[in-house]
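S.K.: I am attaching a structure below and will ask some questions about it afterwards.
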Amino acid sequence: MKTSASAPVRQRWTVSDIVVASTLAVASGVIFWGWNVSYHAVSTLFIAYPPTASLVGGMWLFPAVLGALIIRKPGAAIYCEMVAAAVSALLGSQWGLSVLLYGFLQGLGAELILLLFLYRRFSLGVAVLAGASAGLAGGITGNWIANYYQYDAVGTLTHIAGFSLSGAVIAGVLPWLATRGLAATGVLAPLKSRKAHREPAFGRADRAAVVHAP
Amino acid sequence: MQTAPLLSTPHSMSTTTPEDSRTPGRTVGAGVRVTATGLSYRHADRPQPAFAGLNVDIAAGEKVLLAGASGAGKSTLLHAIAGVLQDDDAATTGELQLDGLSPQQARGRAGLMQQDPESQVVLSRVGDDVAFACENLAVPAAEIPLRCEEALEAVGLGYLNLDHPTAALSGGQKQRLALAGILAMRPGLLLLDEPTAHLDPEGAVQVRDSVIAAAQATGATLIVVEHHLETWLDEVDTLIVLEPGGGIRHRVPAGTLHHDRALRTELRQAGLWIPHDDVLGALPTWVPPKPGPETAAAAGEPLLTGKALSVSRVSPAKSWRKGPKPQPALTGIDITLTSGVATGITGPNGAGKSTLLLSMGGLLAPHSGEITASSRVKGDHGAHLADAPHAWHSADLTSRIGTVFQEPEHQFVRHTVGDELRLSAERARMPGSHEPLFTEQEVDQRVDQLLHRLHLCELAEANPFTLSGGEKRRLSVGTALAAGPEVLMLDEPTFGQDAHTFADLVGLLRDHLDHGGTVVAVTHDQHFLHALHAQTFPVTGAASLRPASGRASSASSTPLLSSVRDTSWLGRRGPLGKLLALSFITLALISTIDPVSAAVVAAASFALLPLANIRLGTFLKRIWIFAAAAVMAAWGAAIAAEESGRVLLDLGVTTISEGSLELGLSLGARSFAIVLPSVLIFSTTDPTDLADSLAQQLKLPARFVLGALAGMRLLGLMTAHWTTIGHARRARGVGTRFHSQAFGLLVQAIRIATRLAVTMESRGFGAGERTWSRAARLTPADGLVISGGVAIAASATALAVIAGTWSLVWM
């Protein structure tokens, strides 16, 4: 245990990575579909100030971070988010094929954070940042790229901030907890996240691995 | 330091060398020779190696039965030979060669079959599934159909249509289909990992015979791992026994086992099923409890009675959709379960035995007829409970009738073994109140006692999912017992168990019977029935005549889950053209928020229904939910948008004005209109064809497209797991809790996905260039589809501009 020099990080996706990511993404797509259908009813709860409806927007972002935390390879966030979006479009969506654009940009938002940490850190902080970044991307897409919303300046900023906050919680904290729970069951054994439950909530994953090595 | 094997065991405890063993089929050139020298492997994070210092030489064409105690590294060795061990941090040393090549280099020479039939199928149609491996290995497209035909013929599935849905196959058929997929690669080595563990006896024999016939015909080397040695022993040449954590312990001609007493004893002690062994004699003697004086009143009393019973997985009352009523799996059942007796529900696969068990267990409502629980089952505090157990609260059910599921993991809801047992005891309630049935002290006591009885004391803090197969089985029985039910229901409790875990299970159940309990089990296992002196209740429903084919049709309302190709005009067009047409229409709609362009697209969609052969009524049924969502969207936008024009309605916190209403209606109309063409197109597009097209024509990476397609096929399976996990939660007395059920499903989804990944990789997936047995290309008719899409998009925009409602959202 004299050195903590990390072995070359294998970044090519294995077949397990692909199939697990796909399965998660497809299942998320079905959840999207159900959420899409019920979203408009839920959004009326925010009648007092409609731009705050984005506080539940994290429901559209969780596959990106969940996929990234479980697979831990470049592209996982974008892939999971896009496949989930594509599946919801295949099942029928009120946004039609435009969900592919949302999926790509939201996935990209999360992906950039993981890239920033060179795919080496998957702590709670990184997950929260990735979720928030996905929300930021989603807000920007909705307000300025697809121009789906027509709020005034304050409304637009509120909407984007709310999206980001929602992403941090629903698509940041929750996927992080789910990944730890899954790692504890041992089902992640063929994947890079197999030791996620033994990593500290904050700090570097590779240091933790050294500490816990037999 | 990571690479050194931890154990320095002598290279092999085997006293025989490869030269001693028979080498039949030496003239056959097609078999692969497998050699291992000093091979060691340790999983990441495990202190002990799976095997270490292993030396073996298996001749080309040799048929080997690979045995060893549970956890002796048999599966790991098989995976290593198949070249599918994928563990970055694992430590491997030594050399393993297939005809002088590394397993990775020899990809396609070895085919691997695992035990779970569900994860052996990759694609949703029989023909595609068999062709999958050939495509991955870049077999020329023209050659693939012939190979598929031959392979299906060889496993006795030649009568199936190539478009037959794989979801409609029985477990045994799925295993034979997997064999066909492997044979189509023309491998020189067949690797089978307990291929019949999940099958009924008939299915098991068919699979075994197909495997042997294929090995004979092709001269391929065969290595099969199995606990039930008698299934294979007389069909193979060699018996190899692994030393747990070491190398080869024995390597003998297979026939030796029939007369070598020492070997028989040794393997028996390792928990293997020995041919012609007296399984029952090996168990402790046991006399079923006689109705003695103190129990005379109780014994033989009816507990649960089913009269004129029909059972079905799908509740007849529940469906809001019209259409053909779900057919019951079994009808005309009269069954009485008496106290203190073990009953075995027997019958062929697909006869509805498990459905009957779940119905009697109060987890499914009967399709028709009635189930009555006697006052004895209801117990001292339960006089006011309804007669039918399915009407009870889950907390009342769990302390009266416990159910043990075929897959123990479906029942796990806690993070440690101790908590699992504690939960069951805590959840039990006095009926009609929230008073716990057991005091805190009693709960502690029950948990302690059970940990001892289950031999799980040392594992009390372990995560239930990380236990071995036998430990999981014991725990699943324990979780049912902890709530103190009189009746214990079990679904195929002996599947995949070795002789040791079998004996443990029988011991637990005999104990339950001794304490006045009742046992009901769905099983094919004659040993199990005899060991419990069980009476049998044979089930031969008319349903058994149609093997599971009803399931596929019930899922057909969602095109993604159906594997039937659409035959309409639009259904026969290529996916790429349709996708392009849809893109144009979508672009026209999202670039503006106006009612006119939305109306044009909606009108066009309805007008084009005949092209998709969809009747108006069917279409409306599929889109009503989007119409409802659109109304909500219109309302939401109307209250959310800024006030402009006359105020129509003042809601206090917000208002609806002329301007906001107009915006709301436009937005609602748009979100409705955008769905229609996509429903039209995707309900006539087959996912497999779409994937073919995306990978071949749009050049998306094939590994990912096919991975997504495989994930999509798992959806149907996930739905089934979701339902079962829900039943298991009710049986545990935790009612339905969404997050716990969702987590349970997530675990199962990942488990199945990783097994499926092994299957796909062992069939050459992801290795490199691949061919496509079906070429996807654009035809003139596809041009028509594309121009149709352009025309709709253009006219929608043009009419909106003319009407003056068109407003570009990017302005």
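In the structure tokens, each chain is lettered A, B, ... as it comes, each chain's residues begin at 1, and ligands are numbered from 1 in order of appearance.
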I need the chain A residues near chain B as number ranges by chain; criterion: at most 6 Å, counting only C-alpha atoms.
M.R.: A: 15-16, 18-20, 22-23, 37, 40-41, 44, 48, 50, 92-94, 96, 147, 185-187, 190
S.K.: Please list as JSON, numbers by chain every residue within 8 Å of Leu778 (chain B), counting only C-alpha atoms and excluding residues in the same chain fewer than 2 positions away.
M.R.: {"B": [574, 576, 577, 776, 780, 782, 783]}
S.K.: Excluding Val173 (chain A) and residues on its chain fewer than 5 positions from it, collect all residues at most 10 Å away from it, counting only C-alpha atoms, and give them as number ranges by chain.
M.R.: A: 62, 65-66, 124-129, 131, 167-168, 178
S.K.: Env of Ile70 (chain A): 7 Å cut, atoms = only C-alpha atoms, seq-sep filter 3 positions within chain, self excluded. Answer as a PyMOL selection string.
M.R.: chain A and resi 66-67+179+193
S.K.: Write out the residues from the selection above, keeping C-alpha atoms, as an mmCIF file, in the first residue's frame.
M.R.:
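Dumped everything to out.cif:
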```cif
data_model
loop_
_atom_site.group_PDB
_atom_site.id
_atom_site.type_symbol
_atom_site.label_atom_id
_atom_site.label_comp_id
_atom_site.auth_asym_id
_atom_site.auth_seq_id
_atom_site.Cartn_x
_atom_site.Cartn_y
_atom_site.Cartn_z
ATOM 1 C CA LEU A 66 -27.955 8.179 -11.889
ATOM 2 C CA GLY A 67 -26.336 6.829 -15.047
ATOM 3 C CA THR A 179 -26.263 4.402 -6.060
ATOM 4 C CA SER A 193 -19.274 1.976 -8.902
#
```
S.K.: I need the residue nearest Leu116 (chain A) from this list: A:Pro74, A:Cys80, A:Val30, A:Val87. Use only C-alpha atoms for the distance.
M.R.: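 Smallest separation from Leu116 (chain A) among the options: A:Pro74.
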S.K.: Excluding same-chain residues fewer than 6 positions from Ala137 (chain A), what lies within 7 Å of it counting only C-alpha atoms, as a ChimeraX atom specification?
M.R.: /A:105-106,109
S.K.: Those residues with N, CA and C atoms, as a PDB file, in the first residue's frame please?
M.R.:
```
ATOM      1  N   LEU A 105     -29.170  18.239 -24.188  1.00  0.00           N
ATOM      2  CA  LEU A 105     -28.592  19.388 -23.487  1.00  0.00           C
ATOM      3  C   LEU A 105     -28.587  19.203 -21.970  1.00  0.00           C
ATOM      4  N   GLN A 106     -29.656  18.583 -21.423  1.00  0.00           N
ATOM      5  CA  GLN A 106     -29.684  18.326 -19.977  1.00  0.00           C
ATOM      6  C   GLN A 106     -28.599  17.323 -19.594  1.00  0.00           C
ATOM      7  N   GLY A 109     -25.358  19.028 -19.572  1.00  0.00           N
ATOM      8  CA  GLY A 109     -25.173  19.824 -18.365  1.00  0.00           C
ATOM      9  C   GLY A 109     -24.546  18.995 -17.254  1.00  0.00           C
TER      10      GLY A 109
END
```
S.K.: Report, in Å to a single decimal, how far apart CA of Val205 (chain B) and CA of Glu226 (chain B) are.
M.R.: 13.6 Å
S.K.: Hey, what's within 12 Å of Glu407 (chain B) if we count only C-alpha atoms and toss same-chain stuff fewer than 6 positions away? As number ranges by chain, please?
M.R.: B: 116, 198, 465, 469-470, 472-477, 490-497, 721, 724-725, 728, 744, 748
S.K.: Would you put the residues from that selection into a file with C-alpha atoms, as an mmCIF file, in the first residue's frame?
M.R.:
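Resulting contents of out-v8.cif:
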```cif
data_model
loop_
_atom_site.group_PDB
_atom_site.id
_atom_site.type_symbol
_atom_site.label_atom_id
_atom_site.label_comp_id
_atom_site.auth_asym_id
_atom_site.auth_seq_id
_atom_site.Cartn_x
_atom_site.Cartn_y
_atom_site.Cartn_z
ATOM 1 C CA ASP B 116 -31.680 -17.960 -15.878
ATOM 2 C CA HIS B 198 -34.785 -23.259 -13.397
ATOM 3 C CA PHE B 465 -28.639 -9.293 -1.240
ATOM 4 C CA GLY B 469 -28.166 -18.730 -2.835
ATOM 5 C CA GLY B 470 -28.775 -21.137 0.024
ATOM 6 C CA LYS B 472 -30.991 -16.252 0.746
ATOM 7 C CA ARG B 473 -33.431 -19.138 0.582
ATOM 8 C CA ARG B 474 -33.194 -19.723 4.339
ATOM 9 C CA LEU B 475 -33.636 -16.018 5.056
ATOM 10 C CA SER B 476 -36.667 -15.771 2.782
ATOM 11 C CA VAL B 477 -38.311 -18.611 4.702
ATOM 12 C CA LEU B 490 -43.717 -21.625 -0.984
ATOM 13 C CA ASP B 491 -43.187 -21.245 -4.723
ATOM 14 C CA GLU B 492 -40.592 -23.691 -6.130
ATOM 15 C CA PRO B 493 -38.480 -23.487 -2.972
ATOM 16 C CA THR B 494 -35.863 -26.003 -4.154
ATOM 17 C CA PHE B 495 -34.965 -24.421 -7.514
ATOM 18 C CA GLY B 496 -31.208 -23.989 -7.764
ATOM 19 C CA GLN B 497 -30.513 -25.444 -4.297
ATOM 20 C CA HIS B 721 -41.042 -8.177 -11.641
ATOM 21 C CA THR B 724 -44.250 -9.791 -8.096
ATOM 22 C CA ILE B 725 -42.270 -7.420 -5.889
ATOM 23 C CA ALA B 728 -43.918 -9.852 -1.964
ATOM 24 C CA GLY B 744 -36.349 -3.646 -5.327
ATOM 25 C CA GLN B 748 -33.524 -6.814 -10.166
#
```
S.K.: Can you pull out the residues contacting Glu769 (chain B)? Cut-off 10 Å, using only C-alpha atoms, and skip same-chain residues under 4 positions away; I want them as number ranges by chain.
M.R.: B: 135-138, 702, 765
S.K.: Quick one, how far is CA of Arg208 (chain B) from CA of Ala67 (chain B)?
M.R.: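 Atom-to-atom, CA of Arg208 (chain B) and CA of Ala67 (chain B) are spaced 16.5 Å apart.
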S.K.: From the set A:Ala196, A:Ala64, A:Leu165, A:Ile170, which residue has the shortest atom-to-atom contact distance to Ile113 (chain A), counting only C-alpha atoms?
M.R.: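 For Ile113 (chain A), the nearest of the candidates is A:Ala64.
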S.K.: Here is a test: counting only C-alpha atoms, which residue of A:Ala201, A:Val42, A:Leu177, A:Tyr49 is nearest to Tyr151 (chain A)?
M.R.: A:Tyr49
S.K.: Between CA of Ser310 (chain B) and CA of Leu356 (chain B), what is the spacing in Å?
M.R.: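 So the two atoms, CA of Leu356 (chain B) and CA of Ser310 (chain B), lie 8.4 Å apart.
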S.K.: Taking the backbone alone, and naming residues the way the document does, which bits of region 222-279 of chain B are strand (DSSP E) by DSSP, as number ranges by chain?
M.R.: B: 222-225, 238-242, 248-253
